[in-house]
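Just start_11.tsv here, TSV, N, CA, C and O atoms:
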chain	number	residue	atom	x	y	z
U	7	MET	N	-12.88	5.27	4.98
U	7	MET	CA	-12.55	3.91	4.58
U	7	MET	C	-12.54	3.83	3.05
U	7	MET	O	-13.50	4.24	2.40
U	8	ALA	N	-11.46	3.34	2.50
U	8	ALA	CA	-11.33	3.24	1.05
U	8	ALA	C	-12.23	2.12	0.52
U	8	ALA	O	-12.40	1.09	1.18
U	9	PRO	N	-12.78	2.32	-0.67
U	9	PRO	CA	-13.58	1.24	-1.27
U	9	PRO	C	-12.69	0.06	-1.64
U	9	PRO	O	-11.47	0.19	-1.75
U	10	ARG	N	-13.31	-1.08	-1.84
U	10	ARG	CA	-12.59	-2.29	-2.24
U	10	ARG	C	-12.83	-2.54	-3.73
U	10	ARG	O	-13.91	-2.29	-4.24
U	11	CYS	N	-11.82	-3.04	-4.39
U	11	CYS	CA	-11.93	-3.36	-5.80
U	11	CYS	C	-12.93	-4.50	-5.97
U	11	CYS	O	-12.81	-5.54	-5.31
U	12	PRO	N	-13.90	-4.35	-6.87
U	12	PRO	CA	-14.89	-5.42	-7.06
U	12	PRO	C	-14.30	-6.66	-7.74
U	12	PRO	O	-14.85	-7.75	-7.62
U	13	ASP	N	-13.16	-6.50	-8.41
U	13	ASP	CA	-12.54	-7.64	-9.10
U	13	ASP	C	-11.51	-8.36	-8.24
U	13	ASP	O	-11.43	-9.59	-8.26
U	14	CYS	N	-10.70	-7.61	-7.49
U	14	CYS	CA	-9.58	-8.19	-6.73
U	14	CYS	C	-9.86	-8.31	-5.23
U	14	CYS	O	-9.11	-8.97	-4.53
U	15	ASP	N	-10.88	-7.63	-4.76
U	15	ASP	CA	-11.24	-7.62	-3.34
U	15	ASP	C	-10.09	-7.13	-2.45
U	15	ASP	O	-9.81	-7.69	-1.41
U	16	VAL	N	-9.38	-6.07	-2.92
U	16	VAL	CA	-8.35	-5.41	-2.13
U	16	VAL	C	-8.75	-3.94	-1.98
U	16	VAL	O	-9.53	-3.42	-2.77
U	17	SER	N	-8.20	-3.28	-0.97
U	17	SER	CA	-8.49	-1.86	-0.77
U	17	SER	C	-7.93	-1.05	-1.93
U	17	SER	O	-6.81	-1.30	-2.39
U	18	MET	N	-8.72	-0.08	-2.39
U	18	MET	CA	-8.27	0.80	-3.45
U	18	MET	C	-7.62	2.03	-2.82
U	18	MET	O	-7.93	2.40	-1.70
U	19	GLU	N	-6.72	2.65	-3.56
U	19	GLU	CA	-5.96	3.79	-3.08
U	19	GLU	C	-6.51	5.08	-3.70
U	19	GLU	O	-6.68	5.15	-4.92
U	20	GLU	N	-6.76	6.09	-2.88
U	20	GLU	CA	-7.21	7.38	-3.43
U	20	GLU	C	-6.06	8.02	-4.18
U	20	GLU	O	-4.92	8.03	-3.70
U	21	ILE	N	-6.34	8.52	-5.39
U	21	ILE	CA	-5.31	9.12	-6.22
U	21	ILE	C	-5.77	10.49	-6.70
U	21	ILE	O	-6.98	10.78	-6.71
U	22	ASP	N	-4.82	11.32	-7.08
U	22	ASP	CA	-5.14	12.61	-7.70
U	22	ASP	C	-5.52	12.35	-9.15
U	22	ASP	O	-5.04	11.41	-9.77
U	23	HIS	N	-6.37	13.20	-9.67
U	23	HIS	CA	-6.72	13.08	-11.08
U	23	HIS	C	-6.77	14.47	-11.68
U	23	HIS	O	-6.99	15.45	-10.99
U	24	LYS	N	-6.52	14.54	-12.96
U	24	LYS	CA	-6.56	15.80	-13.68
U	24	LYS	C	-7.63	15.71	-14.76
U	24	LYS	O	-7.93	14.63	-15.25
U	25	THR	N	-8.18	16.84	-15.11
U	25	THR	CA	-9.16	16.90	-16.18
U	25	THR	C	-8.72	17.96	-17.18
U	25	THR	O	-7.82	18.76	-16.89
U	26	THR	N	-9.36	18.00	-18.34
U	26	THR	CA	-9.05	19.04	-19.31
U	26	THR	C	-9.78	20.34	-18.98
U	26	THR	O	-9.53	21.35	-19.59
U	27	TYR	N	-10.65	20.29	-18.00
U	27	TYR	CA	-11.38	21.47	-17.55
U	27	TYR	C	-10.43	22.36	-16.75
U	27	TYR	O	-9.58	21.87	-16.03
U	28	ASN	N	-10.57	23.65	-16.86
U	28	ASN	CA	-9.67	24.57	-16.16
U	28	ASN	C	-10.02	24.77	-14.70
U	28	ASN	O	-9.43	25.60	-14.03
U	29	GLY	N	-10.95	24.02	-14.19
U	29	GLY	CA	-11.33	24.12	-12.78
U	29	GLY	C	-10.48	23.21	-11.92
U	29	GLY	O	-9.40	22.76	-12.32
U	30	ASP	N	-10.98	22.87	-10.74
U	30	ASP	CA	-10.19	22.07	-9.81
U	30	ASP	C	-10.72	20.66	-9.66
U	30	ASP	O	-10.48	20.02	-8.66
U	31	GLY	N	-11.43	20.15	-10.63
U	31	GLY	CA	-11.89	18.77	-10.58
U	31	GLY	C	-13.20	18.56	-11.29
U	31	GLY	O	-13.82	19.48	-11.78
U	32	ILE	N	-13.62	17.32	-11.34
U	32	ILE	CA	-14.89	16.96	-11.95
U	32	ILE	C	-15.99	17.24	-10.93
U	32	ILE	O	-15.87	16.88	-9.77
U	33	ARG	N	-17.06	17.88	-11.37
U	33	ARG	CA	-18.18	18.16	-10.48
U	33	ARG	C	-19.41	17.41	-10.98
U	33	ARG	O	-19.60	17.23	-12.16
U	34	VAL	N	-20.22	16.94	-10.05
U	34	VAL	CA	-21.46	16.25	-10.38
U	34	VAL	C	-22.63	16.99	-9.76
U	34	VAL	O	-22.49	17.62	-8.71
U	35	GLY	N	-23.77	16.93	-10.41
U	35	GLY	CA	-24.98	17.54	-9.87
U	35	GLY	C	-24.94	19.05	-9.83
U	35	GLY	O	-25.54	19.67	-8.97
U	36	SER	N	-24.23	19.67	-10.77
U	36	SER	CA	-24.14	21.13	-10.74
U	36	SER	C	-25.44	21.78	-11.18
U	36	SER	O	-25.67	22.94	-10.87
U	37	GLY	N	-26.28	21.04	-11.89
U	37	GLY	CA	-27.58	21.57	-12.28
U	37	GLY	C	-27.47	22.78	-13.19
U	37	GLY	O	-26.44	23.05	-13.76
U	38	GLY	N	-28.54	23.50	-13.27
U	38	GLY	CA	-28.56	24.68	-14.14
U	38	GLY	C	-28.53	25.95	-13.31
U	38	GLY	O	-28.12	25.96	-12.16
U	39	GLY	N	-28.99	26.99	-13.92
U	39	GLY	CA	-29.05	28.27	-13.23
U	39	GLY	C	-27.70	28.95	-13.15
U	39	GLY	O	-26.69	28.46	-13.64
U	40	ILE	N	-27.70	30.10	-12.52
U	40	ILE	CA	-26.48	30.91	-12.45
U	40	ILE	C	-25.39	30.22	-11.62
U	40	ILE	O	-24.23	30.27	-11.98
U	41	LEU	N	-25.75	29.54	-10.52
U	41	LEU	CA	-24.73	28.87	-9.71
U	41	LEU	C	-24.10	27.71	-10.46
U	41	LEU	O	-22.90	27.48	-10.37
U	42	GLY	N	-24.90	26.98	-11.22
U	42	GLY	CA	-24.36	25.89	-12.03
U	42	GLY	C	-23.45	26.41	-13.13
U	42	GLY	O	-22.40	25.85	-13.39
U	43	ALA	N	-23.84	27.52	-13.76
U	43	ALA	CA	-23.02	28.12	-14.81
U	43	ALA	C	-21.69	28.62	-14.27
U	43	ALA	O	-20.67	28.57	-14.94
U	44	LEU	N	-21.70	29.11	-13.04
U	44	LEU	CA	-20.47	29.61	-12.41
U	44	LEU	C	-19.68	28.50	-11.72
U	44	LEU	O	-18.64	28.76	-11.13
U	45	ASP	N	-20.19	27.28	-11.79
U	45	ASP	CA	-19.53	26.12	-11.19
U	45	ASP	C	-19.42	26.27	-9.66
U	45	ASP	O	-18.42	25.92	-9.06
U	46	LEU	N	-20.47	26.81	-9.06
U	46	LEU	CA	-20.49	27.02	-7.61
U	46	LEU	C	-21.45	26.07	-6.91
U	46	LEU	O	-21.72	26.23	-5.72
U	47	LYS	N	-22.00	25.12	-7.62
U	47	LYS	CA	-22.99	24.22	-7.06
U	47	LYS	C	-22.61	22.79	-7.43
U	47	LYS	O	-21.98	22.57	-8.44
U	48	GLY	N	-22.97	21.82	-6.63
U	48	GLY	CA	-22.69	20.43	-6.93
U	48	GLY	C	-21.55	19.91	-6.08
U	48	GLY	O	-20.96	20.63	-5.28
U	49	GLY	N	-21.23	18.64	-6.26
U	49	GLY	CA	-20.17	18.01	-5.47
U	49	GLY	C	-19.04	17.53	-6.36
U	49	GLY	O	-19.17	17.43	-7.57
U	50	TYR	N	-17.92	17.25	-5.74
U	50	TYR	CA	-16.76	16.75	-6.46
U	50	TYR	C	-16.74	15.23	-6.44
U	50	TYR	O	-17.48	14.60	-5.71
U	51	VAL	N	-15.84	14.65	-7.23
U	51	VAL	CA	-15.65	13.21	-7.20
U	51	VAL	C	-14.22	12.91	-6.78
U	51	VAL	O	-13.31	13.69	-7.02
U	52	ASP	N	-14.04	11.78	-6.12
U	52	ASP	CA	-12.73	11.29	-5.72
U	52	ASP	C	-12.40	10.08	-6.58
U	52	ASP	O	-13.27	9.27	-6.90
U	53	ALA	N	-11.13	9.96	-6.97
U	53	ALA	CA	-10.69	8.84	-7.79
U	53	ALA	C	-9.94	7.83	-6.93
U	53	ALA	O	-9.14	8.20	-6.08
U	54	TYR	N	-10.23	6.55	-7.16
U	54	TYR	CA	-9.57	5.45	-6.44
U	54	TYR	C	-9.01	4.47	-7.45
U	54	TYR	O	-9.65	4.15	-8.44
U	55	LEU	N	-7.81	3.97	-7.17
U	55	LEU	CA	-7.10	3.05	-8.05
U	55	LEU	C	-6.85	1.73	-7.36
U	55	LEU	O	-6.44	1.70	-6.19
U	56	CYS	N	-7.06	0.64	-8.09
U	56	CYS	CA	-6.66	-0.69	-7.61
U	56	CYS	C	-5.27	-0.95	-8.17
U	56	CYS	O	-5.08	-1.00	-9.39
U	57	ARG	N	-4.29	-1.10	-7.30
U	57	ARG	CA	-2.91	-1.36	-7.72
U	57	ARG	C	-2.73	-2.77	-8.27
U	57	ARG	O	-1.75	-3.05	-8.97
U	58	GLU	N	-3.68	-3.65	-8.01
U	58	GLU	CA	-3.57	-5.03	-8.51
U	58	GLU	C	-3.93	-5.13	-9.99
U	58	GLU	O	-3.21	-5.73	-10.77
U	59	CYS	N	-5.07	-4.54	-10.38
U	59	CYS	CA	-5.55	-4.70	-11.76
U	59	CYS	C	-5.62	-3.41	-12.56
U	59	CYS	O	-5.88	-3.44	-13.76
U	60	GLY	N	-5.42	-2.26	-11.91
U	60	GLY	CA	-5.43	-0.99	-12.62
U	60	GLY	C	-6.79	-0.34	-12.77
U	60	GLY	O	-6.92	0.68	-13.42
U	61	LEU	N	-7.82	-0.92	-12.17
U	61	LEU	CA	-9.15	-0.34	-12.25
U	61	LEU	C	-9.16	1.02	-11.55
U	61	LEU	O	-8.60	1.17	-10.46
U	62	VAL	N	-9.77	2.02	-12.18
U	62	VAL	CA	-9.95	3.34	-11.56
U	62	VAL	C	-11.46	3.58	-11.48
U	62	VAL	O	-12.18	3.37	-12.45
U	63	ARG	N	-11.90	4.01	-10.31
U	63	ARG	CA	-13.32	4.34	-10.12
U	63	ARG	C	-13.43	5.73	-9.51
U	63	ARG	O	-12.59	6.14	-8.71
U	64	PHE	N	-14.49	6.43	-9.92
U	64	PHE	CA	-14.79	7.74	-9.37
U	64	PHE	C	-15.98	7.61	-8.44
U	64	PHE	O	-16.97	6.95	-8.78
U	65	TYR	N	-15.89	8.23	-7.27
U	65	TYR	CA	-17.00	8.24	-6.31
U	65	TYR	C	-17.36	9.67	-5.99
U	65	TYR	O	-16.47	10.50	-5.73
U	66	ALA	N	-18.65	9.95	-5.98
U	66	ALA	CA	-19.12	11.30	-5.67
U	66	ALA	C	-18.92	11.58	-4.19
U	66	ALA	O	-19.12	10.72	-3.34
U	67	ASP	N	-18.48	12.79	-3.91
U	67	ASP	CA	-18.29	13.25	-2.53
U	67	ASP	C	-19.64	13.76	-2.03
U	67	ASP	O	-19.99	14.91	-2.21
U	68	VAL	N	-20.41	12.85	-1.41
U	68	VAL	CA	-21.77	13.21	-0.94
U	68	VAL	C	-21.83	13.29	0.56
U	68	VAL	O	-21.05	12.76	1.26
Could you take the file, read its structure, and then write that structure out as structure tokens?
Amino acid sequence: MAPRCPDCDVSMEEIDHKTTYNGDGIRVGSGGGILGALDLKGGYVDAYLCRECGLVRFYADV
């Protein structure tokens, strides 16, 4: 179920996003250690857009 825009109260649309990082997305909670350094730990985030007002929000994939 897509989140709702807090300003417009309409369903937000999941969108693709790009980063300047050479990986495949933004990661959260990667922590330290060898797995964190190799980017093998943590979760990704999903981006959602409100087509009414243009708000973009990122949600952690937990």
Distance query region 60-63 of chain U at most 10 Å, only C-alpha atoms, self and fewer than 4 positions along chain excluded, as a VMD selection string: chain U and resid 9 11 to 14 18 to 21 51 to 56
Could you please take those selected residues and save N, CA, C and O atoms as a PDB file, in the frame of the given file?
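The resulting file, part-v7.pdb, is shown below:
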ATOM      1  N   PRO U   9     -12.780   2.320  -0.670  1.00  0.00           N
ATOM      2  CA  PRO U   9     -13.580   1.240  -1.270  1.00  0.00           C
ATOM      3  C   PRO U   9     -12.690   0.060  -1.640  1.00  0.00           C
ATOM      4  O   PRO U   9     -11.470   0.190  -1.750  1.00  0.00           O
ATOM      5  N   CYS U  11     -11.820  -3.040  -4.390  1.00  0.00           N
ATOM      6  CA  CYS U  11     -11.930  -3.360  -5.800  1.00  0.00           C
ATOM      7  C   CYS U  11     -12.930  -4.500  -5.970  1.00  0.00           C
ATOM      8  O   CYS U  11     -12.810  -5.540  -5.310  1.00  0.00           O
ATOM      9  N   PRO U  12     -13.900  -4.350  -6.870  1.00  0.00           N
ATOM     10  CA  PRO U  12     -14.890  -5.420  -7.060  1.00  0.00           C
ATOM     11  C   PRO U  12     -14.300  -6.660  -7.740  1.00  0.00           C
ATOM     12  O   PRO U  12     -14.850  -7.750  -7.620  1.00  0.00           O
ATOM     13  N   ASP U  13     -13.160  -6.500  -8.410  1.00  0.00           N
ATOM     14  CA  ASP U  13     -12.540  -7.640  -9.100  1.00  0.00           C
ATOM     15  C   ASP U  13     -11.510  -8.360  -8.240  1.00  0.00           C
ATOM     16  O   ASP U  13     -11.430  -9.590  -8.260  1.00  0.00           O
ATOM     17  N   CYS U  14     -10.700  -7.610  -7.490  1.00  0.00           N
ATOM     18  CA  CYS U  14      -9.580  -8.190  -6.730  1.00  0.00           C
ATOM     19  C   CYS U  14      -9.860  -8.310  -5.230  1.00  0.00           C
ATOM     20  O   CYS U  14      -9.110  -8.970  -4.530  1.00  0.00           O
ATOM     21  N   MET U  18      -8.720  -0.080  -2.390  1.00  0.00           N
ATOM     22  CA  MET U  18      -8.270   0.800  -3.450  1.00  0.00           C
ATOM     23  C   MET U  18      -7.620   2.030  -2.820  1.00  0.00           C
ATOM     24  O   MET U  18      -7.930   2.400  -1.700  1.00  0.00           O
ATOM     25  N   GLU U  19      -6.720   2.650  -3.560  1.00  0.00           N
ATOM     26  CA  GLU U  19      -5.960   3.790  -3.080  1.00  0.00           C
ATOM     27  C   GLU U  19      -6.510   5.080  -3.700  1.00  0.00           C
ATOM     28  O   GLU U  19      -6.680   5.150  -4.920  1.00  0.00           O
ATOM     29  N   GLU U  20      -6.760   6.090  -2.880  1.00  0.00           N
ATOM     30  CA  GLU U  20      -7.210   7.380  -3.430  1.00  0.00           C
ATOM     31  C   GLU U  20      -6.060   8.020  -4.180  1.00  0.00           C
ATOM     32  O   GLU U  20      -4.920   8.030  -3.700  1.00  0.00           O
ATOM     33  N   ILE U  21      -6.340   8.520  -5.390  1.00  0.00           N
ATOM     34  CA  ILE U  21      -5.310   9.120  -6.220  1.00  0.00           C
ATOM     35  C   ILE U  21      -5.770  10.490  -6.700  1.00  0.00           C
ATOM     36  O   ILE U  21      -6.980  10.780  -6.710  1.00  0.00           O
ATOM     37  N   VAL U  51     -15.840  14.650  -7.230  1.00  0.00           N
ATOM     38  CA  VAL U  51     -15.650  13.210  -7.200  1.00  0.00           C
ATOM     39  C   VAL U  51     -14.220  12.910  -6.780  1.00  0.00           C
ATOM     40  O   VAL U  51     -13.310  13.690  -7.020  1.00  0.00           O
ATOM     41  N   ASP U  52     -14.040  11.780  -6.120  1.00  0.00           N
ATOM     42  CA  ASP U  52     -12.730  11.290  -5.720  1.00  0.00           C
ATOM     43  C   ASP U  52     -12.400  10.080  -6.580  1.00  0.00           C
ATOM     44  O   ASP U  52     -13.270   9.270  -6.900  1.00  0.00           O
ATOM     45  N   ALA U  53     -11.130   9.960  -6.970  1.00  0.00           N
ATOM     46  CA  ALA U  53     -10.690   8.840  -7.790  1.00  0.00           C
ATOM     47  C   ALA U  53      -9.940   7.830  -6.930  1.00  0.00           C
ATOM     48  O   ALA U  53      -9.140   8.200  -6.080  1.00  0.00           O
ATOM     49  N   TYR U  54     -10.230   6.550  -7.160  1.00  0.00           N
ATOM     50  CA  TYR U  54      -9.570   5.450  -6.440  1.00  0.00           C
ATOM     51  C   TYR U  54      -9.010   4.470  -7.450  1.00  0.00           C
ATOM     52  O   TYR U  54      -9.650   4.150  -8.440  1.00  0.00           O
ATOM     53  N   LEU U  55      -7.810   3.970  -7.170  1.00  0.00           N
ATOM     54  CA  LEU U  55      -7.100   3.050  -8.050  1.00  0.00           C
ATOM     55  C   LEU U  55      -6.850   1.730  -7.360  1.00  0.00           C
ATOM     56  O   LEU U  55      -6.440   1.700  -6.190  1.00  0.00           O
ATOM     57  N   CYS U  56      -7.060   0.640  -8.090  1.00  0.00           N
ATOM     58  CA  CYS U  56      -6.660  -0.690  -7.610  1.00  0.00           C
ATOM     59  C   CYS U  56      -5.270  -0.950  -8.170  1.00  0.00           C
ATOM     60  O   CYS U  56      -5.080  -1.000  -9.390  1.00  0.00           O
TER      61      CYS U  56
END
Straight-line distance linking atom C of Arg10 (chain U) with CA of Tyr50 (chain U), stated in Å to one decimal: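 Answer for the atom C of Arg10 (chain U) to CA of Tyr50 (chain U) separation: 19.9 Å.
Counting from atom C of His23 (chain U), the distance to atom N of Ala66 (chain U) is 13.9 Å.
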